[in-house]
Amino acid sequence: RPPVLSAEELRVVFPGRRGAPSARAVDGVDLAIGAGEIVALVGESGCGKSTLARALLGLVEPTSGVVSFGGRPLSYGTRALKEYRRRVQLVLQDPSGSLNPRHTVYEAVAEGLRIHGRGGDERAAVADALAQAGLRPPERFFLRYPHELSGGQRQRVVIAGALVLRPEVIIADEPVASLDASVRGEILALLLRLREELGVAALVVTHDLGLAWNIADRVAVMYLGRIVESGPVEDVLTDARHPYTRALLSVLPESAEPPAILTGEPPDPSRIPQGCRFHIRCPSLTSGEAAGAGVAERCRTEEPELLGGVACHLR
Ligand code: SF4
Ligand code: MG
């Protein structure tokens, strides 16, 4: 079976203004999400993960490469794209920012149905979606406004607005970053339940490896526009092989390793280094580990490919 959603050699380049170098925000990404699978896309802010998410949603046309849905390349004609945008739904990070304060819960959830001209019983569809998102009994929420709800309830309304269109994939960009820890767990449990009950796949975009651990089947770690490590979440998070993934893990409170300090400039997609794009910050290079293994020169000159789930000359 083909993956439900995939990217091949995907690139999104933003031209620089007034002679500034262009920004290679997404710079050759291969990624696949299977039916009913939850994949976490992890990386620091500025690594290109939100741009990759927008390209997967069809909101940005890639500079090169292909996004496929159900094995078929996405077409950027308006008709096809509209249907695609029903089947792949975006859930945004800030509940209060994505809900119109003057719209009731009912209006917020019914809006997508109206845009997509879905026939049938609107009231029943809205009630179903609210109930699936854990707002029960749904009728009690119909006439409420966002300011009358808690942060967690607002996030559930946003999720109901996606579910009402019966999507096959949800792309959630930092879905719980703005929520309290207790509510965060409830929303993550909801995403897991939607996968169990409705078979909805999800790409969860996050800077938080702990969140990936709690929810994902697989994790893809992104650095400066590329996936540098990917695999089943247990493998990547208990036995990380890429020095960047190790550095991210080392700063978690649970880590037994001393926190790795990443030297050098933070990621800038308009100035991607030659060779391994991580080499100017790589602890394995500065510690001499790479030299000891005889790969230091390659680190500086040759981009490692993602092979066997890791893009590093040491592995
Ligand atoms: Fe570090 Fe070299 Fe591996 Fe890049 S290829 S992550 S510089 S060891
Ligand atoms: Mg972002």
# chains A, B, ... in the order shown; residues from 1 in each chain; ligands from 1
>>> residues_around(residues="A:Arg136", least_positions_apart="3", cutoff="12 Å", atoms="only C-alpha atoms", output="list in words")
Val126, Ala127, Asp128, Ala129, Leu130, Ala131, Gln132, Ala133, Glu139, Arg140, Phe141, Phe142, Gln153, Arg156, Val157 and Ala160 of chain A
>>> residues_around(residues="A:Glu107", least_positions_apart="6", cutoff="10 Å", atoms="only C-alpha atoms", output="JSON, numbers by chain")
{"A": [100, 113, 114, 126, 142, 143, 144, 145, 161]}
>>> write_last_selection(atoms="C-alpha atoms", output="PDB file, in the first residue's frame")
ATOM      1  CA  ASN A 100     -13.026  33.948  15.193  1.00  0.00           C
ATOM      2  CA  LEU A 113     -18.708  22.186   5.596  1.00  0.00           C
ATOM      3  CA  ARG A 114     -20.045  25.307   3.909  1.00  0.00           C
ATOM      4  CA  VAL A 126     -21.397  19.391  13.575  1.00  0.00           C
ATOM      5  CA  PHE A 142     -23.351  25.046  19.822  1.00  0.00           C
ATOM      6  CA  LEU A 143     -24.081  28.608  20.913  1.00  0.00           C
ATOM      7  CA  ARG A 144     -21.023  29.286  22.998  1.00  0.00           C
ATOM      8  CA  TYR A 145     -18.341  31.756  21.969  1.00  0.00           C
ATOM      9  CA  GLY A 161     -13.609  21.931  12.666  1.00  0.00           C
TER      10      GLY A 161
END
>>> residues_around(residues="stretch 230-232 of chain A", least_positions_apart="3", cutoff="7 Å", atoms="only C-alpha atoms", output="ChimeraX atom specification")
/A:217-221,235-236,309-310
>>> write_last_selection(atoms="C-alpha atoms", output="short mmCIF file (atom, residue, chain, number, x, y, z; two decimals), in the first residue's frame")
data_model
loop_
_atom_site.label_atom_id
_atom_site.label_comp_id
_atom_site.auth_asym_id
_atom_site.auth_seq_id
_atom_site.Cartn_x
_atom_site.Cartn_y
_atom_site.Cartn_z
CA ASP A 217 4.84 5.94 15.88
CA ARG A 218 7.70 7.40 13.93
CA VAL A 219 9.78 10.53 14.25
CA ALA A 220 11.62 12.58 11.64
CA VAL A 221 14.23 15.04 12.88
CA ASP A 235 14.71 3.55 18.05
CA VAL A 236 15.33 7.23 17.42
CA GLY A 309 17.42 6.46 8.71
CA VAL A 310 20.43 8.67 9.42
#
>>> residues_around(residues="A:Leu57", least_positions_apart="6", cutoff="9 Å", atoms="only C-alpha atoms", output="VMD selection string")
chain A and resid 84 to 85 88 to 90 171
>>> closest_residue(among="A:Val91, A:Thr238, A:Thr245, A:His147", to="A:Val176", atoms="only C-alpha atoms")
A:Val91
>>> residues_near_ligand(ligand="ligand 1", cutoff="7 Å", atoms="only C-alpha atoms and all ligand atoms", output="number ranges by chain")
A: 242-244, 276-279, 282-285, 290, 295-296, 299-300, 304, 311-314
>>> residues_near_ligand(ligand="ligand 2", cutoff="8 Å", atoms="only C-alpha atoms and all ligand atoms", output="JSON, numbers by chain")
{"A": [45, 46, 48, 49, 50, 51, 173, 174, 205, 206]}
>>> closest_residue(among="A:Cys47, A:Ala260, A:Ala124, A:Val42", to="A:Asp27", atoms="only C-alpha atoms")
A:Cys47
>>> residues_around(residues="stretch 61-67 of chain A", least_positions_apart="2", cutoff="7 Å", atoms="only C-alpha atoms", output="PyMOL selection string")
chain A and resi 6-13+55-56+58-59+69+73-74
>>> closest_residue(among="A:Pro21, A:Tyr106, A:Ala162, A:Ser270", to="A:Pro138", atoms="only C-alpha atoms")
A:Tyr106
>>> select_by_dssp(residues="stretch 57-183 of chain A", states="alpha helix (DSSP H)", output="ChimeraX atom specification")
/A:78-87,95-98,105-115,122-132,151-163,181-183
>>> write_last_selection(atoms="C-alpha atoms", output="PDB file, in the first residue's frame")
ATOM      1  CA  THR A  78      -7.901  24.845  -7.921  1.00  0.00           C
ATOM      2  CA  ARG A  79     -10.536  22.082  -8.115  1.00  0.00           C
ATOM      3  CA  ALA A  80      -8.215  19.230  -7.180  1.00  0.00           C
ATOM      4  CA  LEU A  81      -6.584  21.341  -4.513  1.00  0.00           C
ATOM      5  CA  LYS A  82      -9.909  22.139  -2.869  1.00  0.00           C
ATOM      6  CA  GLU A  83     -10.747  18.448  -2.504  1.00  0.00           C
ATOM      7  CA  TYR A  84      -7.230  17.780  -1.269  1.00  0.00           C
ATOM      8  CA  ARG A  85      -7.629  20.463   1.381  1.00  0.00           C
ATOM      9  CA  ARG A  86     -10.680  18.659   2.672  1.00  0.00           C
ATOM     10  CA  ARG A  87      -8.832  15.363   3.030  1.00  0.00           C
ATOM     11  CA  PRO A  95      -6.575  27.972  19.601  1.00  0.00           C
ATOM     12  CA  SER A  96      -7.534  31.551  20.391  1.00  0.00           C
ATOM     13  CA  GLY A  97      -5.817  32.776  17.231  1.00  0.00           C
ATOM     14  CA  SER A  98      -7.496  30.374  14.843  1.00  0.00           C
ATOM     15  CA  VAL A 105     -18.799  27.033  18.206  1.00  0.00           C
ATOM     16  CA  TYR A 106     -21.489  25.836  15.790  1.00  0.00           C
ATOM     17  CA  GLU A 107     -20.508  28.407  13.165  1.00  0.00           C
ATOM     18  CA  ALA A 108     -16.810  27.661  13.614  1.00  0.00           C
ATOM     19  CA  VAL A 109     -17.306  23.944  13.024  1.00  0.00           C
ATOM     20  CA  ALA A 110     -19.886  24.339  10.221  1.00  0.00           C
ATOM     21  CA  GLU A 111     -17.688  26.801   8.313  1.00  0.00           C
ATOM     22  CA  GLY A 112     -15.586  24.090   6.646  1.00  0.00           C
ATOM     23  CA  LEU A 113     -18.708  22.186   5.596  1.00  0.00           C
ATOM     24  CA  ARG A 114     -20.045  25.307   3.909  1.00  0.00           C
ATOM     25  CA  ILE A 115     -16.747  26.114   2.175  1.00  0.00           C
ATOM     26  CA  GLU A 122     -25.234  19.962   8.846  1.00  0.00           C
ATOM     27  CA  ARG A 123     -26.477  19.944  12.411  1.00  0.00           C
ATOM     28  CA  ALA A 124     -25.819  16.231  12.813  1.00  0.00           C
ATOM     29  CA  ALA A 125     -22.383  16.543  11.233  1.00  0.00           C
ATOM     30  CA  VAL A 126     -21.397  19.391  13.575  1.00  0.00           C
ATOM     31  CA  ALA A 127     -22.712  17.469  16.597  1.00  0.00           C
ATOM     32  CA  ASP A 128     -20.772  14.338  15.556  1.00  0.00           C
ATOM     33  CA  ALA A 129     -17.542  16.264  15.090  1.00  0.00           C
ATOM     34  CA  LEU A 130     -17.859  17.997  18.473  1.00  0.00           C
ATOM     35  CA  ALA A 131     -18.571  14.695  20.183  1.00  0.00           C
ATOM     36  CA  GLN A 132     -15.597  13.055  18.451  1.00  0.00           C
ATOM     37  CA  GLY A 151      -7.964  26.739  26.232  1.00  0.00           C
ATOM     38  CA  GLY A 152      -8.364  22.979  25.965  1.00  0.00           C
ATOM     39  CA  GLN A 153     -11.996  23.288  24.857  1.00  0.00           C
ATOM     40  CA  ARG A 154     -11.033  25.827  22.207  1.00  0.00           C
ATOM     41  CA  GLN A 155      -8.399  23.442  20.881  1.00  0.00           C
ATOM     42  CA  ARG A 156     -11.081  20.727  20.742  1.00  0.00           C
ATOM     43  CA  VAL A 157     -13.326  23.067  18.708  1.00  0.00           C
ATOM     44  CA  VAL A 158     -10.450  23.620  16.263  1.00  0.00           C
ATOM     45  CA  ILE A 159     -10.011  19.846  15.991  1.00  0.00           C
ATOM     46  CA  ALA A 160     -13.784  19.384  15.506  1.00  0.00           C
ATOM     47  CA  GLY A 161     -13.609  21.931  12.666  1.00  0.00           C
ATOM     48  CA  ALA A 162     -11.074  19.643  10.995  1.00  0.00           C
ATOM     49  CA  LEU A 163     -12.915  16.378  11.789  1.00  0.00           C
ATOM     50  CA  ALA A 181       0.625  20.543  30.889  1.00  0.00           C
ATOM     51  CA  SER A 182      -2.564  18.834  32.119  1.00  0.00           C
ATOM     52  CA  VAL A 183      -4.608  19.930  29.101  1.00  0.00           C
TER      53      VAL A 183
END
>>> select_by_dssp(residues="stretch 99-218 of chain A", states="strand (DSSP E)", output="VMD selection string")
chain A and resid 169 to 173 201 to 206 218
>>> write_last_selection(atoms="N, CA and C atoms", output="compact mmCIF listing (two decimals), in the first residue's frame")
# COMPACT_ATOMS: atom_id res chain seq x y z
N VAL A 169 -5.93 12.77 6.89
CA VAL A 169 -4.71 13.18 7.58
C VAL A 169 -4.95 14.51 8.28
N ILE A 170 -4.43 14.62 9.49
CA ILE A 170 -4.42 15.90 10.19
C ILE A 170 -2.96 16.33 10.31
N ILE A 171 -2.69 17.56 9.93
CA ILE A 171 -1.35 18.11 10.15
C ILE A 171 -1.48 19.13 11.28
N ALA A 172 -0.86 18.82 12.40
CA ALA A 172 -1.01 19.64 13.60
C ALA A 172 0.32 20.35 13.86
N ASP A 173 0.32 21.68 13.73
CA ASP A 173 1.55 22.45 13.92
C ASP A 173 1.60 22.93 15.36
N ALA A 201 -4.68 9.62 10.16
CA ALA A 201 -3.23 9.75 10.30
C ALA A 201 -2.91 11.18 10.73
N ALA A 202 -1.73 11.36 11.32
CA ALA A 202 -1.37 12.71 11.72
C ALA A 202 0.12 12.95 11.54
N LEU A 203 0.42 14.17 11.11
CA LEU A 203 1.79 14.67 11.18
C LEU A 203 1.79 15.73 12.27
N VAL A 204 2.52 15.48 13.33
CA VAL A 204 2.56 16.42 14.44
C VAL A 204 3.89 17.17 14.37
N VAL A 205 3.80 18.46 14.11
CA VAL A 205 5.00 19.28 13.97
C VAL A 205 5.31 19.88 15.34
N THR A 206 6.51 19.64 15.84
CA THR A 206 6.79 20.08 17.20
C THR A 206 8.29 20.30 17.39
N ARG A 218 6.39 7.14 14.52
CA ARG A 218 7.70 7.40 13.93
C ARG A 218 8.04 8.87 14.13
>>> atom_distance(atom1="atom CA of A:Glu37", atom2="atom CA of A:Pro175")
16.8 Å
>>> atom_distance(atom1="atom CA of A:Pro15", atom2="atom CA of A:Glu303")
22.5 Å
